[in-house]
Amino acid sequence: MDRNIRTVDDILKLLDGLFAPEADRWMADAASWWDGFYADRSKPVPFFVAKPDESLVSYLDHGLITAGRALDLGCGPGRNALHLASLGFEVDAVDLSPAAIAWAGDRAREAGANVSFHCGDAFALADTALGGPYDLIYDSGCFHHLPPHRRVSYLALLDRALAPGGHFALTCFAAGGMGSELPDSDFYRQSRLHGGLAYTAESLRWIFSDLTEVELRRMYDEPPESPSFGEPFLWTALFRRTTTTWRNRWPSWRMSRS
């Protein structure tokens with residue numbers, strides 16, 4: 001008879017365990033799934049291209065973000081991390097998959113780019129390998145693979161790592177474009193994430209309501225010859241942290257360590 005629940009961390013771990021292992025693509029145990037996904041670098045996967053997101057290029061071109069310290073969450077083969085490094089950012093980039101990190105490292109060496117790549121769970125690495133605070137936290141395709149309860153951990157990561165005045169940029173599945181539109185509760189009933197969660201503009205504004213919205217729009221559809229990546233089934237969002245601290249929102253544990 002287990003009666004082990006006494007902290008928020010215990011609750012988060014309990015909810016983690018409600019998902020079937022093969023349905024889980026976001027914790028450290030999912031690294032092997034992603035390694036298989038990245039094994040064939042020639043696959044016609046849209047985001048395998050060595051191009052930065054068109055939204056990231058736009059933010060930089062319009063002066064909405066400027067060079068500083070950056071963290072790329074779920075960096076994959078490193079296309080956005082390398083673009084930031086080429087423009088003078090000091091970049092940390094994190095991914096669960098050793099295969100993705102190896103590919104990103106190969107690209108960085110070919111480009112002569114200086115990026116600090118880290119393999120593992122960003123939640124667990126936040127207190128050790130990741131320096132912070134960051135002027136930019138960039139996420140292109142990580143957030144929509146989190147189960148609903150891990151938004152708590154994600155917001156705590158932003159609270160800890162995003163500098164006052166810093167920017168958070170997100171690219172994620174858009175409702176009506178790609179991703180599951182099931183209610184949050186159904187993911188627990190079915191023990192699956194169905195490949196990723198779709199979000200509405202309103203839900204993103206609510207989840208990140210402690211940040212100031214700079215821009216929220218659908219990603220532009222970029223043709224194959226474009227120097228940038230763009231798919232219209234994605235949201236692109238840029239938020240700014242205008243408050244000095246959110247710590248009164250979070251209990252003392254703040255970060256999950258599972």
# chains A, B, ... in the order shown; residues from 1 in each chain; ligands from 1
call {"tool": "select_by_dssp", "arguments": {"residues": "stretch 24-147 of chain A", "states": "alpha helix (DSSP H)", "output": "VMD selection string"}}
result
chain A and resid 31 to 38 54 to 61 79 to 86 98 to 111 122 to 125
call {"tool": "residues_around", "arguments": {"residues": "A:His167", "least_positions_apart": "3", "cutoff": "7 Å", "atoms": "only C-alpha atoms", "output": "list in words"}}
result
Asp135, Leu136, Ile137, Leu238, Phe239, Arg240 and Arg241 of chain A
call {"tool": "write_last_selection", "arguments": {"atoms": "all heavy atoms", "output": "PDB file, in the first residue's frame"}}
result
ATOM      1  N   ASP A 135      19.085  35.911 -22.036  1.00  0.00           N
ATOM      2  CA  ASP A 135      18.365  37.023 -22.668  1.00  0.00           C
ATOM      3  C   ASP A 135      17.307  36.515 -23.637  1.00  0.00           C
ATOM      4  O   ASP A 135      16.338  37.218 -23.931  1.00  0.00           O
ATOM      5  CB  ASP A 135      19.352  37.923 -23.419  1.00  0.00           C
ATOM      6  CG  ASP A 135      20.446  38.439 -22.502  1.00  0.00           C
ATOM      7  OD1 ASP A 135      20.113  39.189 -21.562  1.00  0.00           O
ATOM      8  OD2 ASP A 135      21.613  38.071 -22.700  1.00  0.00           O
ATOM      9  N   LEU A 136      17.501  35.294 -24.141  1.00  0.00           N
ATOM     10  CA  LEU A 136      16.540  34.666 -25.048  1.00  0.00           C
ATOM     11  C   LEU A 136      16.445  33.187 -24.718  1.00  0.00           C
ATOM     12  O   LEU A 136      17.466  32.498 -24.620  1.00  0.00           O
ATOM     13  CB  LEU A 136      16.985  34.829 -26.510  1.00  0.00           C
ATOM     14  CG  LEU A 136      16.165  34.059 -27.559  1.00  0.00           C
ATOM     15  CD1 LEU A 136      14.743  34.606 -27.650  1.00  0.00           C
ATOM     16  CD2 LEU A 136      16.851  34.102 -28.925  1.00  0.00           C
ATOM     17  N   ILE A 137      15.219  32.703 -24.517  1.00  0.00           N
ATOM     18  CA  ILE A 137      14.955  31.267 -24.467  1.00  0.00           C
ATOM     19  C   ILE A 137      14.118  30.942 -25.686  1.00  0.00           C
ATOM     20  O   ILE A 137      13.047  31.526 -25.888  1.00  0.00           O
ATOM     21  CB  ILE A 137      14.253  30.858 -23.160  1.00  0.00           C
ATOM     22  CG1 ILE A 137      15.184  31.111 -21.968  1.00  0.00           C
ATOM     23  CG2 ILE A 137      13.838  29.385 -23.210  1.00  0.00           C
ATOM     24  CD1 ILE A 137      14.596  30.737 -20.620  1.00  0.00           C
ATOM     25  N   LEU A 238       6.303  35.435 -29.597  1.00  0.00           N
ATOM     26  CA  LEU A 238       7.410  36.099 -28.906  1.00  0.00           C
ATOM     27  C   LEU A 238       6.834  36.844 -27.716  1.00  0.00           C
ATOM     28  O   LEU A 238       5.901  37.643 -27.855  1.00  0.00           O
ATOM     29  CB  LEU A 238       8.130  37.075 -29.844  1.00  0.00           C
ATOM     30  CG  LEU A 238       9.327  37.822 -29.246  1.00  0.00           C
ATOM     31  CD1 LEU A 238      10.461  36.859 -28.911  1.00  0.00           C
ATOM     32  CD2 LEU A 238       9.825  38.904 -30.206  1.00  0.00           C
ATOM     33  N   PHE A 239       7.395  36.553 -26.530  1.00  0.00           N
ATOM     34  CA  PHE A 239       6.987  37.199 -25.287  1.00  0.00           C
ATOM     35  C   PHE A 239       8.213  37.839 -24.631  1.00  0.00           C
ATOM     36  O   PHE A 239       9.339  37.394 -24.835  1.00  0.00           O
ATOM     37  CB  PHE A 239       6.387  36.182 -24.313  1.00  0.00           C
ATOM     38  CG  PHE A 239       5.121  35.515 -24.786  1.00  0.00           C
ATOM     39  CD1 PHE A 239       5.177  34.315 -25.479  1.00  0.00           C
ATOM     40  CD2 PHE A 239       3.887  36.080 -24.526  1.00  0.00           C
ATOM     41  CE1 PHE A 239       4.012  33.681 -25.916  1.00  0.00           C
ATOM     42  CE2 PHE A 239       2.722  35.459 -24.949  1.00  0.00           C
ATOM     43  CZ  PHE A 239       2.778  34.261 -25.647  1.00  0.00           C
ATOM     44  N   ARG A 240       7.954  38.850 -23.808  1.00  0.00           N
ATOM     45  CA  ARG A 240       9.028  39.512 -23.070  1.00  0.00           C
ATOM     46  C   ARG A 240       8.732  39.454 -21.577  1.00  0.00           C
ATOM     47  O   ARG A 240       7.579  39.621 -21.155  1.00  0.00           O
ATOM     48  CB  ARG A 240       9.168  40.978 -23.514  1.00  0.00           C
ATOM     49  CG  ARG A 240      10.367  41.688 -22.877  1.00  0.00           C
ATOM     50  CD  ARG A 240      10.540  43.110 -23.413  1.00  0.00           C
ATOM     51  NE  ARG A 240       9.527  44.024 -22.898  1.00  0.00           N
ATOM     52  CZ  ARG A 240       8.490  44.490 -23.602  1.00  0.00           C
ATOM     53  NH1 ARG A 240       8.327  44.141 -24.853  1.00  0.00           N
ATOM     54  NH2 ARG A 240       7.628  45.317 -23.053  1.00  0.00           N
ATOM     55  N   ARG A 241       9.766  39.246 -20.805  1.00  0.00           N
ATOM     56  CA  ARG A 241       9.624  39.258 -19.346  1.00  0.00           C
ATOM     57  C   ARG A 241       9.814  40.680 -18.853  1.00  0.00           C
ATOM     58  O   ARG A 241      10.910  41.235 -18.939  1.00  0.00           O
ATOM     59  CB  ARG A 241      10.656  38.330 -18.701  1.00  0.00           C
ATOM     60  CG  ARG A 241      10.523  38.262 -17.190  1.00  0.00           C
ATOM     61  CD  ARG A 241      11.462  37.228 -16.611  1.00  0.00           C
ATOM     62  NE  ARG A 241      11.202  37.052 -15.188  1.00  0.00           N
ATOM     63  CZ  ARG A 241      11.756  36.116 -14.436  1.00  0.00           C
ATOM     64  NH1 ARG A 241      12.601  35.254 -14.972  1.00  0.00           N
ATOM     65  NH2 ARG A 241      11.465  36.025 -13.154  1.00  0.00           N
TER      66      ARG A 241
END
call {"tool": "closest_residue", "arguments": {"among": "A:Val45, A:Leu84, A:Ala30, A:Leu60", "to": "A:Pro98", "atoms": "only C-alpha atoms"}}
result
A:Ala30
call {"tool": "closest_atom_pairs", "arguments": {"of": "stretch 121-173 of chain A", "to": "stretch 194-208 of chain A", "cutoff": "6 Å", "atoms": "only C-alpha atoms", "output": "JSON lines"}}
result
{"residue": "A:His144", "atom": "CA", "partner": "A:Leu197", "partner_atom": "CA", "distance": 5.1}
{"residue": "A:His145", "atom": "CA", "partner": "A:Gly196", "partner_atom": "CA", "distance": 4.8}
{"residue": "A:Phe173", "atom": "CA", "partner": "A:Ala198", "partner_atom": "CA", "distance": 4.8}
call {"tool": "write_last_selection", "arguments": {"atoms": "N, CA and C atoms", "output": "PDB file, in the first residue's frame"}}
result
ATOM      1  N   HIS A 144       5.198  21.487 -27.360  1.00  0.00           N
ATOM      2  CA  HIS A 144       3.979  20.745 -27.710  1.00  0.00           C
ATOM      3  C   HIS A 144       4.111  19.232 -27.474  1.00  0.00           C
ATOM      4  N   HIS A 145       5.299  18.759 -27.077  1.00  0.00           N
ATOM      5  CA  HIS A 145       5.462  17.345 -26.715  1.00  0.00           C
ATOM      6  C   HIS A 145       5.361  17.110 -25.211  1.00  0.00           C
ATOM      7  N   PHE A 173       2.634  23.467 -32.298  1.00  0.00           N
ATOM      8  CA  PHE A 173       1.503  23.049 -33.105  1.00  0.00           C
ATOM      9  C   PHE A 173       0.307  23.981 -32.900  1.00  0.00           C
TER      10      PHE A 173
END
call {"tool": "closest_residue", "arguments": {"among": "A:Leu87, A:Ala175, A:Leu82, A:Met219", "to": "A:Ala67", "atoms": "only C-alpha atoms"}}
result
A:Leu87
call {"tool": "atom_distance", "arguments": {"atom1": "atom CA of A:Gly63", "atom2": "atom CA of A:Arg79"}}
result
20.2 Å
call {"tool": "select_by_dssp", "arguments": {"residues": "stretch 139-250 of chain A", "states": "strand (DSSP E)", "output": "list in words"}}
result
Asp139, Ser140, Leu162, Ala163, Pro164, Gly165, Gly166, His167, Phe168, Ala169, Leu170, Thr171, Cys172, Phe173, Thr212, Glu213, Val214, Glu215, Leu216, Arg217, Arg218, Leu234, Trp235, Thr236, Ala237, Leu238, Phe239 and Arg240 of chain A
call {"tool": "atom_distance", "arguments": {"atom1": "atom CA of A:Asp186", "atom2": "atom CA of A:Val8"}}
result
21.4 Å
call {"tool": "closest_residue", "arguments": {"among": "A:Leu14, A:Ala99, A:Leu193, A:Leu216", "to": "A:Pro147", "atoms": "only C-alpha atoms"}}
result
A:Leu193
